[in-house]
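Here the structure is laid out as structure tokens; the discussion comes afterwards.
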Amino acid sequence: MHRRSLLAGLFSASLTLVASAADDKQLLWGDTHLHTNFSFDAYLNNNLSADPDTAYRYAKGLPVVHPYHQARVQIETPLDFLVVSDHAVYLGVMKEVHTNGVDTEGYGWWDSLIFKVGAWLLNRAIDRGEGREFFTNVLPPPTQSPREAALDTESLTERGGAMPDMRAAQVSAWQAIADFADQHNEPGNFTALIGWEWSSIPSGANLHRVVITDGDAASAKTYQPFSTADSMFPEDLWDWLDETSASADADFIAIPHNSNISKGYMFDEDSLRGAPFTDEYLAQRMKWERIVEITQIKGDSETHPDLSPDDEFADFETYPYYIQNGYTPYKADVGDYVRSALKRGLSIGEDTGINPYQFGVIGSTDAHTSLPSAEESNFWGKLATDSIPANKQGNWAETNYPQTSGWAMSASGLAAVWAKENTREAILAAMKRRETYATSGPRIGVQFFGAAEFTDEDLSAADLYQHATSKGVPMGGELANLDDAPSFIVTASKDPVDANLDRIQIVKGWLDSDGEQHEKVYNVAWSGDRELDSDGKLPPVGNTVDITTATYTNSIGAEQLSAVWQDPSFDPAEKAFYYVRVLQIPTPRHSLYDALALEMEHATDQPDTIQERAYTSSIWYTP
């Protein structure tokens, strides 16, 4: 066993023992968002060989062959669970066309000719390693607003493009994905969940959802995943989930991701069709979208400096590039970020009685390499092509992605789940009750509880989880009708083989009596002998990173931090939410490791260091 795996296992076991007396809760680490060579964009970007079997083997800690440079690679710490979430649209089609040619049966001679020419051009590009240009050229142009583009299209059909529908290839790919998951599923030891990605992207607005089921392969084979060939509108996905959960005898969850590049549409104030929210729409969204992905390779979605100007840590792994064919400047919108969406949800709930944005959070990678890597020193990039330092520094394409590169990507993130056991059903149940959190990569252990009253004595309880939940609720829970300010217990432990912790913060958002939204970040525990200033700010923890060697020391920071904190500005008549953010001390960023390997002093336009972090799901207060 790797040293890191052993230490992380002991760390995970210690947290499990703390919680087990109450409800058999254990902290599980995983990735709910990973693409293999069955995804069209992964295949076009030189992942020709790494299939779901490769993904599960890598996640379990086995060495595998990298799909691009063919070297042996291995995760530093094995995962507890994994979702292979290949794009449902064109599922397996690029691989099929490149391997066996295009199937034009049922099409007229003209369409068949177009498809055959398209297949020849596609295969030629793949064989030359130029699939990325082919990929960027078929991305949607930003010539309309996302709503106009969605309404004009109504569905991103697979007909009329360079490839035919090739339904048989998609069915075969889906069945293979389901079979691989069942083969690797080991209840109690490692969980392989079945899922896919629904990839709506009208005019470059990212509205993607990862869909996960707790069903097995037999259940999954009773349906074909809902894709953007069926509809570009999320409410149609939710309707499909309603119908299919009954017919397939399985439960589902849909997880929005990369809201940071949604052009304001992910957490909007009306539907993508432009219709006002109805009670049915709000209830459907709240039913199926219980958690969202707050951090991943294409950037962080907690907040943005333009939206949270008083938050000194708001500018973290910001990714200002839309997925489109053509350039438009990035503009942060309220509908793009998790914190502003949580605040907007309070307002919508005040007006309608239903808060559709009362969601928890997780992190995941969205890697297209089949390798769920979120470690700065062992990061294999977003796409197979970007797995070597020489390729990470180059722009994708001057016209489509000016300035973006493999170095602009973030080595992030991980999904942390407090589940009763390591099984499909228990993990999905934990997601449904929002007892989840996210990290940007390190395995920072976090517990967060809210109650009418906690004291310092509660923090020292032998069975903290049991004790705290007997008086209150864990992350993802709700408090109501309090006369006095709620109090919170938060504990954080460093990743046993990573950096020390800088601080614990609690982020509060609330709605005042005039309906105005507010937010405030409180420092509640920190390392060293630093003191808060009059504004509640804390001096920086320091920085031990040697940028000439990409090393750091744990001579600053703390291994563990904890606090009992009571809201000093509580108004029992105001709706509010609270979540925890834990910061590590600075460590080298993946781009610095690459730059030094290339004998450069710095990675162009990228910071040398990073303060990794964890975000918990919120606890809500309702009058």
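All residue names refer to the structure tokens as shown: chains lettered A, B, ... in order, residues numbered from 1 in each chain, ligands numbered from 1 in order.
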Please provide the set of residues having any atom within 9 Å of Gly131 of chain A, restricted to only C-alpha atoms, with same-chain residues fewer than 6 positions apart removed, written as a compact mmCIF listing (two decimals) with N, CA and C atoms, in the first residue's frame.
# COMPACT_ATOMS: atom_id res chain seq x y z
N ASP A 41 -15.81 14.29 -26.92
CA ASP A 41 -14.76 15.30 -26.80
C ASP A 41 -13.48 14.72 -26.21
N TYR A 43 -12.46 11.63 -26.77
CA TYR A 43 -11.84 10.88 -27.86
C TYR A 43 -11.16 11.82 -28.86
N LEU A 44 -11.82 12.93 -29.17
CA LEU A 44 -11.26 13.88 -30.12
C LEU A 44 -10.00 14.55 -29.57
N ASN A 45 -9.84 14.55 -28.26
CA ASN A 45 -8.66 15.15 -27.65
C ASN A 45 -7.67 14.08 -27.19
N ASN A 46 -7.58 13.01 -27.99
CA ASN A 46 -6.52 12.00 -27.88
C ASN A 46 -6.65 11.02 -26.72
N LEU A 122 -12.98 13.32 -40.06
CA LEU A 122 -12.83 13.07 -38.63
C LEU A 122 -11.68 12.11 -38.36
N ASN A 123 -11.68 10.98 -39.05
CA ASN A 123 -10.64 9.98 -38.82
C ASN A 123 -9.25 10.51 -39.18
N ARG A 124 -9.21 11.31 -40.24
CA ARG A 124 -7.93 11.91 -40.64
C ARG A 124 -7.40 12.82 -39.53
N ALA A 125 -8.31 13.62 -38.95
CA ALA A 125 -7.90 14.52 -37.86
C ALA A 125 -7.45 13.73 -36.64
Using only C-alpha atoms: which of A:Gly195, A:Gly450, A:Gly349, A:Gly536 has the shortest distance to Gln224 of chain A: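 Going through A:Gly195, A:Gly450, A:Gly349, A:Gly536 one by one, the smallest distance to Gln224 of chain A is for A:Gly195.
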Near-Tyr437 of chain A list (9 Å; only C-alpha atoms; drop same-chain fewer than 3 positions) as a ChimeraX atom specification: /A:360-363,414-418,434,446,475,614-617
Pull C-alpha atoms from the residues just selected and write them as a PDB file, in the first residue's frame.
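The result, written out as again29.pdb:
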ATOM      1  CA  GLY A 360     -25.607  21.234  -1.002  1.00  0.00           C
ATOM      2  CA  VAL A 361     -22.176  21.070  -2.654  1.00  0.00           C
ATOM      3  CA  ILE A 362     -19.567  18.612  -3.842  1.00  0.00           C
ATOM      4  CA  GLY A 363     -16.388  18.840  -5.883  1.00  0.00           C
ATOM      5  CA  LEU A 414     -13.108  15.880  -4.693  1.00  0.00           C
ATOM      6  CA  ALA A 415     -16.554  14.920  -3.450  1.00  0.00           C
ATOM      7  CA  ALA A 416     -16.787  14.215   0.292  1.00  0.00           C
ATOM      8  CA  VAL A 417     -19.855  12.309   1.475  1.00  0.00           C
ATOM      9  CA  TRP A 418     -20.940  11.411   5.010  1.00  0.00           C
ATOM     10  CA  ARG A 434     -27.062  17.200   1.328  1.00  0.00           C
ATOM     11  CA  VAL A 446     -14.712  18.643   8.032  1.00  0.00           C
ATOM     12  CA  MET A 475     -24.410  20.074   7.126  1.00  0.00           C
ATOM     13  CA  ALA A 614     -12.949  22.858   1.490  1.00  0.00           C
ATOM     14  CA  TYR A 615     -16.564  24.049   1.257  1.00  0.00           C
ATOM     15  CA  THR A 616     -19.401  22.445   3.201  1.00  0.00           C
ATOM     16  CA  SER A 617     -23.048  22.261   2.314  1.00  0.00           C
TER      17      SER A 617
END
Option closest in space to Leu272 of chain A, from A:Arg344, A:Lys432, A:Arg147, A:Lys382 [counting only C-alpha atoms]: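 Looking only at the distances to Leu272 of chain A, the closest residue turns out to be A:Arg147.
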Against segment 71-86 of chain A, which residues of segment 220-324 of chain A fall within 12 Å? For each one I want the closest pair of atoms and the distance in Å (one decimal), counting only C-alpha atoms, rows by chain and increasing residue number, as CSV.
residue,atom,partner,partner_atom,distance
A:Pro225,CA,A:Asp86,CA,10.2
A:Ser227,CA,A:Asp86,CA,10.9
A:Ala254,CA,A:Ser85,CA,11.5
A:Ile255,CA,A:Ser85,CA,11.2
Residues within 10 Å of Arg290 of chain A, please, as a PyMOL selection string. Count only C-alpha atoms; anything in the same chain fewer than 2 positions from it doesn't count. chain A and resi 253-256+285-288+292+356-361+431-434+476
For the residues in that selection, give me C-alpha atoms as a PDB file, in the first residue's frame.
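Just written: selection-v7.pdb:
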ATOM      1  CA  ILE A 253     -29.910  12.828  -8.781  1.00  0.00           C
ATOM      2  CA  ALA A 254     -28.913  15.565 -11.240  1.00  0.00           C
ATOM      3  CA  ILE A 255     -25.859  17.674 -10.374  1.00  0.00           C
ATOM      4  CA  PRO A 256     -25.293  21.036 -12.128  1.00  0.00           C
ATOM      5  CA  ARG A 285     -35.774  21.337  -9.448  1.00  0.00           C
ATOM      6  CA  MET A 286     -35.590  21.021  -5.686  1.00  0.00           C
ATOM      7  CA  LYS A 287     -36.436  17.311  -5.915  1.00  0.00           C
ATOM      8  CA  TRP A 288     -33.767  16.312  -8.440  1.00  0.00           C
ATOM      9  CA  VAL A 292     -24.232  21.164  -7.148  1.00  0.00           C
ATOM     10  CA  PRO A 356     -35.092  25.939  -5.652  1.00  0.00           C
ATOM     11  CA  TYR A 357     -31.509  26.828  -4.763  1.00  0.00           C
ATOM     12  CA  GLN A 358     -31.448  25.172  -1.350  1.00  0.00           C
ATOM     13  CA  PHE A 359     -28.705  22.836  -2.484  1.00  0.00           C
ATOM     14  CA  GLY A 360     -25.607  21.234  -1.002  1.00  0.00           C
ATOM     15  CA  VAL A 361     -22.176  21.070  -2.654  1.00  0.00           C
ATOM     16  CA  MET A 431     -26.383  13.370  -1.535  1.00  0.00           C
ATOM     17  CA  LYS A 432     -30.168  13.662  -1.287  1.00  0.00           C
ATOM     18  CA  ARG A 433     -29.969  14.882   2.297  1.00  0.00           C
ATOM     19  CA  ARG A 434     -27.062  17.200   1.328  1.00  0.00           C
ATOM     20  CA  GLY A 476     -27.294  20.139   4.683  1.00  0.00           C
TER      21      GLY A 476
END
Using only C-alpha atoms, which residue out of A:Val497, A:Ala451, A:Ala59, A:Ala550 lies closest to Leu592 of chain A?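 Closest to Leu592 of chain A of all the choices is A:Ala550.
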Select from segment 289-353 of chain A everything DSSP, run on the backbone, classes as strand (DSSP E), then give the selection as a ChimeraX atom specification. /A:291-296,299-300
For segment 89-98 of chain A, work out the shell of residues within 7 Å, counting only C-alpha atoms and skipping chain neighbours fewer than 3 positions away, then give it as a compact mmCIF listing (two decimals) with C-alpha atoms, in the first residue's frame.
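Once everything was written out, this is selection.txt:
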# COMPACT_ATOMS: atom_id res chain seq x y z
CA PHE A 38 -16.69 6.90 -24.75
CA SER A 39 -17.15 10.71 -24.60
CA PHE A 40 -16.90 12.37 -28.01
CA TYR A 43 -11.84 10.88 -27.86
CA GLY A 101 -16.40 3.38 -39.80
CA VAL A 102 -19.67 5.26 -40.14
CA ALA A 119 -16.17 10.43 -41.14
CA ASN A 123 -10.64 9.98 -38.82
CA MET A 166 -25.71 5.72 -34.91
CA ALA A 169 -23.31 2.40 -31.14
CA GLN A 170 -24.78 4.50 -28.34
CA ALA A 173 -21.63 1.99 -25.26
CA SER A 227 -29.31 13.62 -23.72
CA THR A 228 -29.38 17.00 -25.44
CA ALA A 229 -30.55 15.11 -28.50
Members of segment 145-303 of chain A assigned alpha helix (DSSP H) by DSSP, as a count of residues only: 54
Could you check which of A:Ala384, A:Gly542, A:Ser301, A:Leu237 is closest to Gly129 of chain A, using only C-alpha atoms?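 Residue with the minimum atom-to-atom distance to Gly129 of chain A: A:Ala384.
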